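See below for target-v5.txt, which holds compact mmCIF, C-alpha atoms (C1' of nucleotides).
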# COMPACT_ATOMS: atom_id res chain seq x y z
CA MET A 1 0.00 0.00 0.00
CA LYS A 2 1.25 3.42 -0.96
CA LEU A 3 0.07 6.50 0.93
CA ALA A 4 0.94 10.11 0.16
CA THR A 5 0.33 13.62 1.46
CA TRP A 6 0.62 16.92 -0.38
CA ASN A 7 -0.19 20.48 0.54
CA VAL A 8 -1.18 21.68 -2.94
CA ASN A 9 -1.78 25.36 -2.08
CA SER A 10 -4.95 25.56 -4.24
CA LEU A 11 -6.29 22.43 -5.91
CA LYS A 12 -7.73 24.61 -8.68
CA VAL A 13 -4.26 25.68 -9.74
CA ARG A 14 -2.55 22.36 -8.99
CA LEU A 15 -5.15 19.95 -10.42
CA PRO A 16 -3.05 19.05 -13.49
CA GLN A 17 -0.09 18.33 -11.19
CA VAL A 18 -2.25 16.21 -8.89
CA LEU A 19 -3.55 14.20 -11.86
CA ASP A 20 0.04 13.70 -13.02
CA PHE A 21 1.00 12.57 -9.51
CA LEU A 22 -1.86 10.06 -9.45
CA SER A 23 -0.91 8.59 -12.81
CA THR A 24 2.84 8.37 -12.18
CA GLU A 25 2.80 7.32 -8.51
CA SER A 26 -0.49 5.41 -8.35
CA PRO A 27 -0.92 5.92 -4.60
CA ASP A 28 -3.64 3.91 -2.89
CA ALA A 29 -4.53 7.09 -1.03
CA LEU A 30 -3.50 10.73 -1.41
CA CYS A 31 -4.18 13.26 1.34
CA LEU A 32 -4.47 16.86 0.17
CA GLN A 33 -4.27 20.07 2.19
CA GLU A 34 -5.06 23.67 1.29
CA THR A 35 -7.48 22.70 -1.46
CA LYS A 36 -9.12 26.13 -0.97
CA LEU A 37 -12.32 24.84 -2.59
CA GLU A 38 -15.85 24.56 -1.32
CA ASP A 39 -17.09 20.98 -1.64
CA GLY A 40 -19.48 21.99 -4.44
CA ASN A 41 -16.52 23.10 -6.54
CA PHE A 42 -14.40 19.99 -5.98
CA PRO A 43 -13.17 18.59 -9.34
CA HIS A 44 -14.90 15.22 -8.89
CA LEU A 45 -15.15 14.54 -12.64
CA GLU A 46 -11.41 14.76 -13.23
CA ILE A 47 -10.50 12.82 -10.09
CA THR A 48 -13.06 10.10 -10.84
CA ALA A 49 -11.79 9.84 -14.41
CA ALA A 50 -8.33 9.23 -12.96
CA GLY A 51 -9.73 6.23 -11.07
CA TYR A 52 -10.04 7.80 -7.60
CA GLN A 53 -12.84 8.33 -5.13
CA THR A 54 -12.91 11.38 -2.90
CA VAL A 55 -13.95 12.49 0.52
CA CYS A 56 -13.47 16.19 1.08
CA SER A 57 -14.06 18.95 3.59
CA GLY A 58 -13.36 22.32 2.08
CA GLN A 59 -13.98 26.03 2.18
CA LYS A 60 -13.07 28.86 -0.13
CA THR A 61 -9.86 30.87 0.14
CA TYR A 62 -8.26 29.03 3.05
CA ASN A 63 -7.71 25.50 4.37
CA GLY A 64 -9.62 22.56 2.89
CA VAL A 65 -8.64 18.88 3.05
CA ALA A 66 -9.44 15.79 1.01
CA ILE A 67 -8.54 12.11 0.74
CA LEU A 68 -8.42 10.52 -2.70
CA SER A 69 -8.39 6.72 -2.79
CA ARG A 70 -8.61 3.91 -5.29
CA LEU A 71 -10.78 1.78 -3.01
CA PRO A 72 -13.89 3.16 -1.32
CA SER A 73 -13.43 4.82 2.05
CA ALA A 74 -15.56 4.07 5.10
CA ASP A 75 -16.39 5.78 8.37
CA CYS A 76 -15.44 9.25 7.15
CA VAL A 77 -15.12 11.85 9.90
CA MET A 78 -14.56 15.58 9.36
CA GLY A 79 -12.97 17.80 11.97
CA ILE A 80 -11.75 16.93 15.44
CA LEU A 81 -14.51 15.26 17.43
CA GLY A 82 -15.94 17.74 19.92
CA HIS A 83 -14.04 20.72 18.48
CA ASP A 84 -16.41 23.11 16.77
CA ASP A 85 -13.93 24.69 14.37
CA PRO A 86 -15.06 26.52 11.23
CA GLN A 87 -11.62 25.96 9.69
CA LYS A 88 -11.63 22.81 7.56
CA ARG A 89 -8.41 21.12 8.61
CA VAL A 90 -9.14 17.44 9.31
CA ILE A 91 -10.67 14.54 7.42
CA ALA A 92 -10.37 10.86 8.31
CA ALA A 93 -11.50 7.68 6.59
CA THR A 94 -10.80 3.96 6.69
CA ILE A 95 -9.35 2.65 3.44
CA ASP A 96 -8.56 -1.04 2.96
CA GLY A 97 -8.41 -1.54 6.72
CA VAL A 98 -6.11 1.43 7.37
CA ARG A 99 -7.33 4.50 9.25
CA VAL A 100 -6.09 7.43 7.17
CA ILE A 101 -6.19 10.79 8.94
CA CYS A 102 -5.42 13.87 6.86
CA VAL A 103 -4.50 17.01 8.80
CA TYR A 104 -3.66 20.61 7.99
CA ILE A 105 -2.26 21.79 11.29
CA PRO A 106 -2.47 25.57 11.78
CA ASN A 107 0.49 27.69 10.78
CA GLY A 108 0.61 29.90 13.87
CA GLU A 109 1.93 33.01 12.10
CA SER A 110 4.38 33.96 14.87
CA VAL A 111 4.92 32.94 18.47
CA THR A 112 3.32 36.16 19.70
CA SER A 113 0.21 35.78 17.56
CA ASP A 114 -3.27 34.70 18.66
CA LYS A 115 -2.96 32.20 15.82
CA TYR A 116 -0.03 30.59 17.64
CA ARG A 117 -2.20 30.04 20.74
CA TYR A 118 -4.89 28.62 18.45
CA LYS A 119 -2.25 26.28 16.97
CA LEU A 120 -1.12 24.93 20.35
CA ASP A 121 -4.71 24.53 21.53
CA TRP A 122 -5.57 22.80 18.26
CA LEU A 123 -2.64 20.40 18.68
CA ALA A 124 -3.83 19.50 22.21
CA ARG A 125 -7.32 18.77 20.89
CA LEU A 126 -5.87 16.69 18.04
CA ASN A 127 -3.82 14.70 20.54
CA ALA A 128 -6.83 13.98 22.75
CA TRP A 129 -8.98 12.89 19.81
CA LEU A 130 -6.19 10.70 18.38
CA LYS A 131 -6.13 8.67 21.59
CA THR A 132 -9.65 7.48 20.87
CA GLU A 133 -8.92 6.94 17.17
CA MET A 134 -5.83 4.88 18.00
CA ALA A 135 -7.79 2.81 20.51
CA GLN A 136 -10.16 1.88 17.69
CA HIS A 137 -7.64 1.44 14.85
CA SER A 138 -4.34 -0.41 15.27
CA ARG A 139 -3.49 0.39 11.65
CA LEU A 140 -3.46 4.17 11.62
CA ALA A 141 -1.60 6.78 9.58
CA LEU A 142 -1.58 10.50 10.37
CA LEU A 143 -0.55 12.38 7.25
CA GLY A 144 -0.39 16.04 6.46
CA ASP A 145 1.10 19.48 6.76
CA TYR A 146 2.08 19.71 10.43
CA ASN A 147 3.65 23.15 10.20
CA ILE A 148 6.27 21.86 12.66
CA ALA A 149 9.90 21.02 11.93
CA PRO A 150 10.56 18.49 14.71
CA GLU A 151 14.37 18.40 14.84
CA ASP A 152 17.44 20.50 14.03
CA ARG A 153 18.15 18.39 10.96
CA ASP A 154 14.73 19.30 9.59
CA VAL A 155 15.70 22.98 9.32
CA HIS A 156 18.24 24.52 6.94
CA ASP A 157 19.59 26.77 9.69
CA PRO A 158 18.41 25.85 13.21
CA LYS A 159 20.09 28.94 14.72
CA VAL A 160 18.12 31.27 12.44
CA TRP A 161 14.88 29.43 13.23
CA GLU A 162 15.45 28.98 16.96
CA GLY A 163 12.35 30.06 18.87
CA LYS A 164 10.49 30.99 15.71
CA VAL A 165 7.09 29.69 14.65
CA LEU A 166 7.32 26.22 13.04
CA PHE A 167 10.39 25.47 15.18
CA SER A 168 9.58 26.78 18.67
CA GLU A 169 9.93 24.50 21.70
CA PRO A 170 6.18 24.27 22.46
CA GLU A 171 5.49 23.20 18.88
CA LYS A 172 8.27 20.61 18.93
CA ALA A 173 6.95 19.38 22.29
CA ALA A 174 3.47 18.99 20.77
CA PHE A 175 4.99 16.93 17.95
CA ARG A 176 6.78 14.72 20.49
CA GLU A 177 3.48 14.27 22.33
CA LEU A 178 1.93 12.94 19.13
CA VAL A 179 4.85 10.52 18.79
CA ALA A 180 4.39 9.57 22.45
CA LEU A 181 0.92 8.27 21.62
CA GLY A 182 2.74 5.40 19.91
CA LEU A 183 3.34 6.90 16.48
CA SER A 184 6.55 6.82 14.43
CA ASP A 185 7.89 9.50 12.09
CA SER A 186 8.07 7.23 9.03
CA PHE A 187 10.69 9.40 7.31
CA ARG A 188 13.16 8.69 10.11
CA LEU A 189 12.69 4.94 9.98
CA PHE A 190 15.16 4.98 7.08
CA ASP A 191 18.45 6.54 6.03
CA GLN A 192 17.68 9.78 4.25
CA PRO A 193 19.65 12.37 2.28
CA GLU A 194 20.97 15.30 4.29
CA LYS A 195 19.02 18.52 3.96
CA SER A 196 15.74 16.75 3.25
CA TYR A 197 12.94 19.29 3.32
CA SER A 198 9.30 19.35 2.25
CA TRP A 199 8.64 23.10 2.06
CA TRP A 200 10.57 26.03 0.63
CA ASP A 201 9.48 29.66 0.83
CA TYR A 202 8.43 31.20 -2.47
CA ARG A 203 9.54 34.62 -1.29
CA THR A 204 13.16 33.90 -0.52
CA ASN A 205 13.59 31.77 -3.62
CA GLY A 206 14.16 29.13 -0.98
CA PHE A 207 14.08 26.10 -3.23
CA LYS A 208 16.93 27.20 -5.47
CA ARG A 209 18.93 28.26 -2.43
CA GLY A 210 18.28 25.02 -0.54
CA LEU A 211 16.58 26.88 2.30
CA GLY A 212 13.75 24.60 3.37
CA LEU A 213 12.02 22.97 6.30
CA ARG A 214 10.65 19.47 6.76
CA ILE A 215 7.14 20.20 8.02
CA ASP A 216 5.05 17.62 6.13
CA HIS A 217 4.99 14.26 7.86
CA VAL A 218 3.54 10.78 7.91
CA LEU A 219 3.24 9.33 11.41
CA LEU A 220 2.44 5.62 11.60
CA SER A 221 1.01 3.46 14.36
CA ALA A 222 3.33 0.70 15.61
CA GLU A 223 1.57 -1.94 13.57
CA LEU A 224 2.11 0.04 10.35
CA ALA A 225 5.60 1.26 11.25
CA LYS A 226 6.91 -2.28 11.54
CA ILE A 227 5.77 -3.07 7.98
CA CYS A 228 6.73 0.30 6.46
CA LYS A 229 9.24 -0.23 3.64
CA LYS A 230 9.99 3.26 2.42
CA CYS A 231 9.37 6.95 3.00
CA SER A 232 10.49 9.64 0.60
CA ILE A 233 9.93 13.28 -0.29
CA ASP A 234 9.08 13.83 -3.95
CA ARG A 235 11.13 17.02 -4.17
CA ASP A 236 11.18 16.99 -7.99
CA ARG A 237 7.56 18.17 -7.87
CA ARG A 238 8.90 21.47 -6.48
CA VAL A 239 10.79 22.01 -9.75
CA HIS A 240 7.57 22.06 -11.79
CA ASP A 241 6.25 25.17 -13.49
CA ARG A 242 3.91 26.87 -10.97
CA PRO A 243 4.77 24.45 -8.17
CA SER A 244 3.15 24.24 -4.78
CA ASP A 245 5.52 25.50 -2.10
CA HIS A 246 5.29 21.98 -0.58
CA ALA A 247 6.54 18.68 -1.99
CA PRO A 248 4.59 15.42 -1.54
CA VAL A 249 5.65 12.85 1.05
CA ILE A 250 5.15 9.20 0.07
CA VAL A 251 5.20 6.05 2.23
CA GLU A 252 5.06 2.42 1.20
CA ILE A 253 3.65 -0.14 3.60
CA GLU A 254 3.54 -3.88 3.15
CA VAL A 255 -0.20 -4.24 3.54
C1' DA B 1 16.62 38.15 3.70
C1' DT B 2 9.71 37.59 6.93
C1' DG B 3 10.35 39.99 1.79
C1' DG B 4 11.35 40.21 -2.70
C1' DC B 5 6.24 35.11 -4.09
C1' DG B 6 1.91 33.28 -5.11
C1' DG B 7 -2.58 32.01 -3.77
C1' DC B 8 -7.21 34.09 -2.77
C1' DT B 9 -11.36 37.60 -3.12
C1' DC B 10 -18.86 40.29 -3.80
C1' DG B 11 -10.98 41.39 -6.77
C1' DC B 12 -7.40 45.64 -9.76
C1' DA B 13 -5.34 46.16 -3.07
C1' DG B 14 -5.02 43.77 0.74
C1' DC B 15 -5.24 39.45 3.16
C1' DC B 16 -2.65 35.23 4.33
C1' DG B 17 0.59 31.47 4.00
C1' DA B 18 5.14 29.46 6.62

Translate the structure described by the file into structure tokens.
Amino acid sequence: MKLATWNVNSLKVRLPQVLDFLSTESPDALCLQETKLEDGNFPHLEITAAGYQTVCSGQKTYNGVAILSRLPSADCVMGILGHDDPQKRVIAATIDGVRVICVYIPNGESVTSDKYRYKLDWLARLNAWLKTEMAQHSRLALLGDYNIAPEDRDVHDPKVWEGKVLFSEPEKAAFRELVALGLSDSFRLFDQPEKSYSWWDYRTNGFKRGLGLRIDHVLLSAELAKICKKCSIDRDRRVHDRPSDHAPVIVEIEV
DNA sequence: ATGGCGGCTCGCAGCCGA
């Protein structure tokens, strides 16, 4: 089974690139973030024609998540249970016996922002909800844009980023608390190239300069981690004409 | 080097992302 996650930064703009990804990678499931589309405008025709079914939870302008899958999905849940949040950031579904949870964790803006407090509160709510999801599903994958670089090696210059949003201690602690639920960062189960990142800032011409962060992750439950065979970042997608600022992350599991 | 980009909108300027 191949699972992938990609913050597309507008599905309207990136649809041709998503269709190309589906045809060349043939993932069993693809989690999308920042679709920026209301559900009524979701490109179901094109996705269906590519051989994929969709569950989506979107809104215009901001946020929006979706899971595309070859096989039908079951028990779809939108949002964090008990958290009445107008921002569409979570969708979960069971696909071929695997609980696939797609998340777009808030950005936080800066450590002094109200949005940063919202981010930390949101992460605590996610953690609490995941406990119940994990109790029900031994095969569980949490994929998405976490907006957290968990370790020094995930940041092009840890000194520059020290204490800043995406790399502050409370955010890293929240990431470790997710791992402490019994999840594994699939990327670090394997040897990886140095300077492996999943996001590069458009504004600083970050991609060409190699200035990136690894903030898109696939966390796997113990049962999936022990049969995970590969995790990679598809950085070549960032070279494309009109690329998303994020690259896809792909995992292969022997299911 | 937090913007210089690139997406969005009851749009042509201002917002937000990370």

Using all atoms listed in the file, I'd like a table of the residues in chain A that come within 12 Å of chain B; for each, show the closest atom pair and its distance in Å rounded to one decimal, ordered by chain and ascending number, as CSV.
residue,atom,partner,partner_atom,distance
A:Asn7,CA,B:DG17,C1',11.5
A:Val8,CA,B:DG7,C1',10.5
A:Asn9,CA,B:DG7,C1',6.9
A:Ser10,CA,B:DG7,C1',6.9
A:Leu11,CA,B:DG7,C1',10.5
A:Lys12,CA,B:DG7,C1',10.3
A:Val13,CA,B:DG7,C1',8.9
A:Arg14,CA,B:DG7,C1',11.0
A:Glu34,CA,B:DG17,C1',10.0
A:Thr35,CA,B:DG7,C1',10.8
A:Lys36,CA,B:DC8,C1',8.4
A:Leu37,CA,B:DC8,C1',10.6
A:Gln59,CA,B:DC8,C1',11.6
A:Lys60,CA,B:DC8,C1',8.3
A:Thr61,CA,B:DC8,C1',5.1
A:Tyr62,CA,B:DC8,C1',7.8
A:Asn63,CA,B:DG17,C1',10.2
A:Ile105,CA,B:DA18,C1',11.6
A:Pro106,CA,B:DA18,C1',10.0
A:Asn107,CA,B:DA18,C1',6.5
A:Gly108,CA,B:DA18,C1',8.6
A:Glu109,CA,B:DA18,C1',7.3
A:Ser110,CA,B:DA18,C1',9.4
A:Lys115,CA,B:DC16,C1',11.9
A:Asp145,CA,B:DA18,C1',10.8
A:Tyr146,CA,B:DA18,C1',10.9
A:Asn147,CA,B:DA18,C1',7.4
A:Ile148,CA,B:DA18,C1',9.8
A:Ala149,CA,B:DA18,C1',11.0
A:Val160,CA,B:DA1,C1',11.2
A:Trp161,CA,B:DT2,C1',11.5
A:Lys164,CA,B:DA18,C1',10.7
A:Val165,CA,B:DA18,C1',8.3
A:Leu166,CA,B:DA18,C1',7.5
A:Phe167,CA,B:DA18,C1',10.8
A:Ser198,CA,B:DA18,C1',11.8
A:Trp199,CA,B:DA18,C1',8.6
A:Trp200,CA,B:DA18,C1',8.8
A:Asp201,CA,B:DA18,C1',7.2
A:Tyr202,CA,B:DC5,C1',4.8
A:Arg203,CA,B:DC5,C1',4.4
A:Thr204,CA,B:DA1,C1',6.9
A:Asn205,CA,B:DC5,C1',8.1
A:Gly206,CA,B:DC5,C1',10.4
A:Phe207,CA,B:DC5,C1',12.0
A:Arg209,CA,B:DA1,C1',11.9
A:Leu211,CA,B:DA1,C1',11.4
A:Gly212,CA,B:DA18,C1',10.4
A:Leu213,CA,B:DA18,C1',9.5
A:Arg214,CA,B:DA18,C1',11.4
A:Ile215,CA,B:DA18,C1',9.6
A:Asp216,CA,B:DA18,C1',11.9
A:Arg242,CA,B:DG6,C1',8.9
A:Pro243,CA,B:DG6,C1',9.8
A:Ser244,CA,B:DG6,C1',9.1
A:Asp245,CA,B:DG6,C1',9.1
A:His246,CA,B:DA18,C1',10.4

Would you place a box with edges along x, y and z of the file around all atoms of segment 1-17 of chain B listed there, add 6 Å to each of its six sides, and report the centre and edge lengths in Å to one decimal, as lines of an AutoDock Vina configuration file?
center_x = -1.1
center_y = 38.8
center_z = -1.4
size_x = 47.5
size_y = 26.7
size_z = 28.7

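The spacing separating atom CA of Pro27 of chain A from atom CA of Arg89 of chain A amounts to 21.5 Å.
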
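Atom CA of Phe187 of chain A to atom CA of Ala222 of chain A spans 14.1 Å [interatomic distance, one decimal].
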
Counting all atoms listed in the file, find residues at most 8 Å from (-16.0, 21.9, 0.7) (file frame) and give them as a PyMOL selection string.
chain A and resi 37-42+56-60+64

Considering all atoms listed in the file, return as an MDAnalysis selection string whatever protein or nucleic-acid residues lie within 6 Å of segment 226-229 of chain A, sequence-local ones (same chain, fewer than 4 positions apart) excluded.
chainID A and resid 252:254

Would you mind telling me which residue in A:Ser168, A:Thr5, A:Gln136, A:Ser184 lies nearest to Leu32 of chain A when using all atoms listed in the file?
A:Thr5

Between atom CA of Leu71 of chain A and atom CA of Ile95 of chain A, what distance in Å does the model show, to one decimal?
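Going from atom CA of Leu71 of chain A over to atom CA of Ile95 of chain A covers 6.7 Å.
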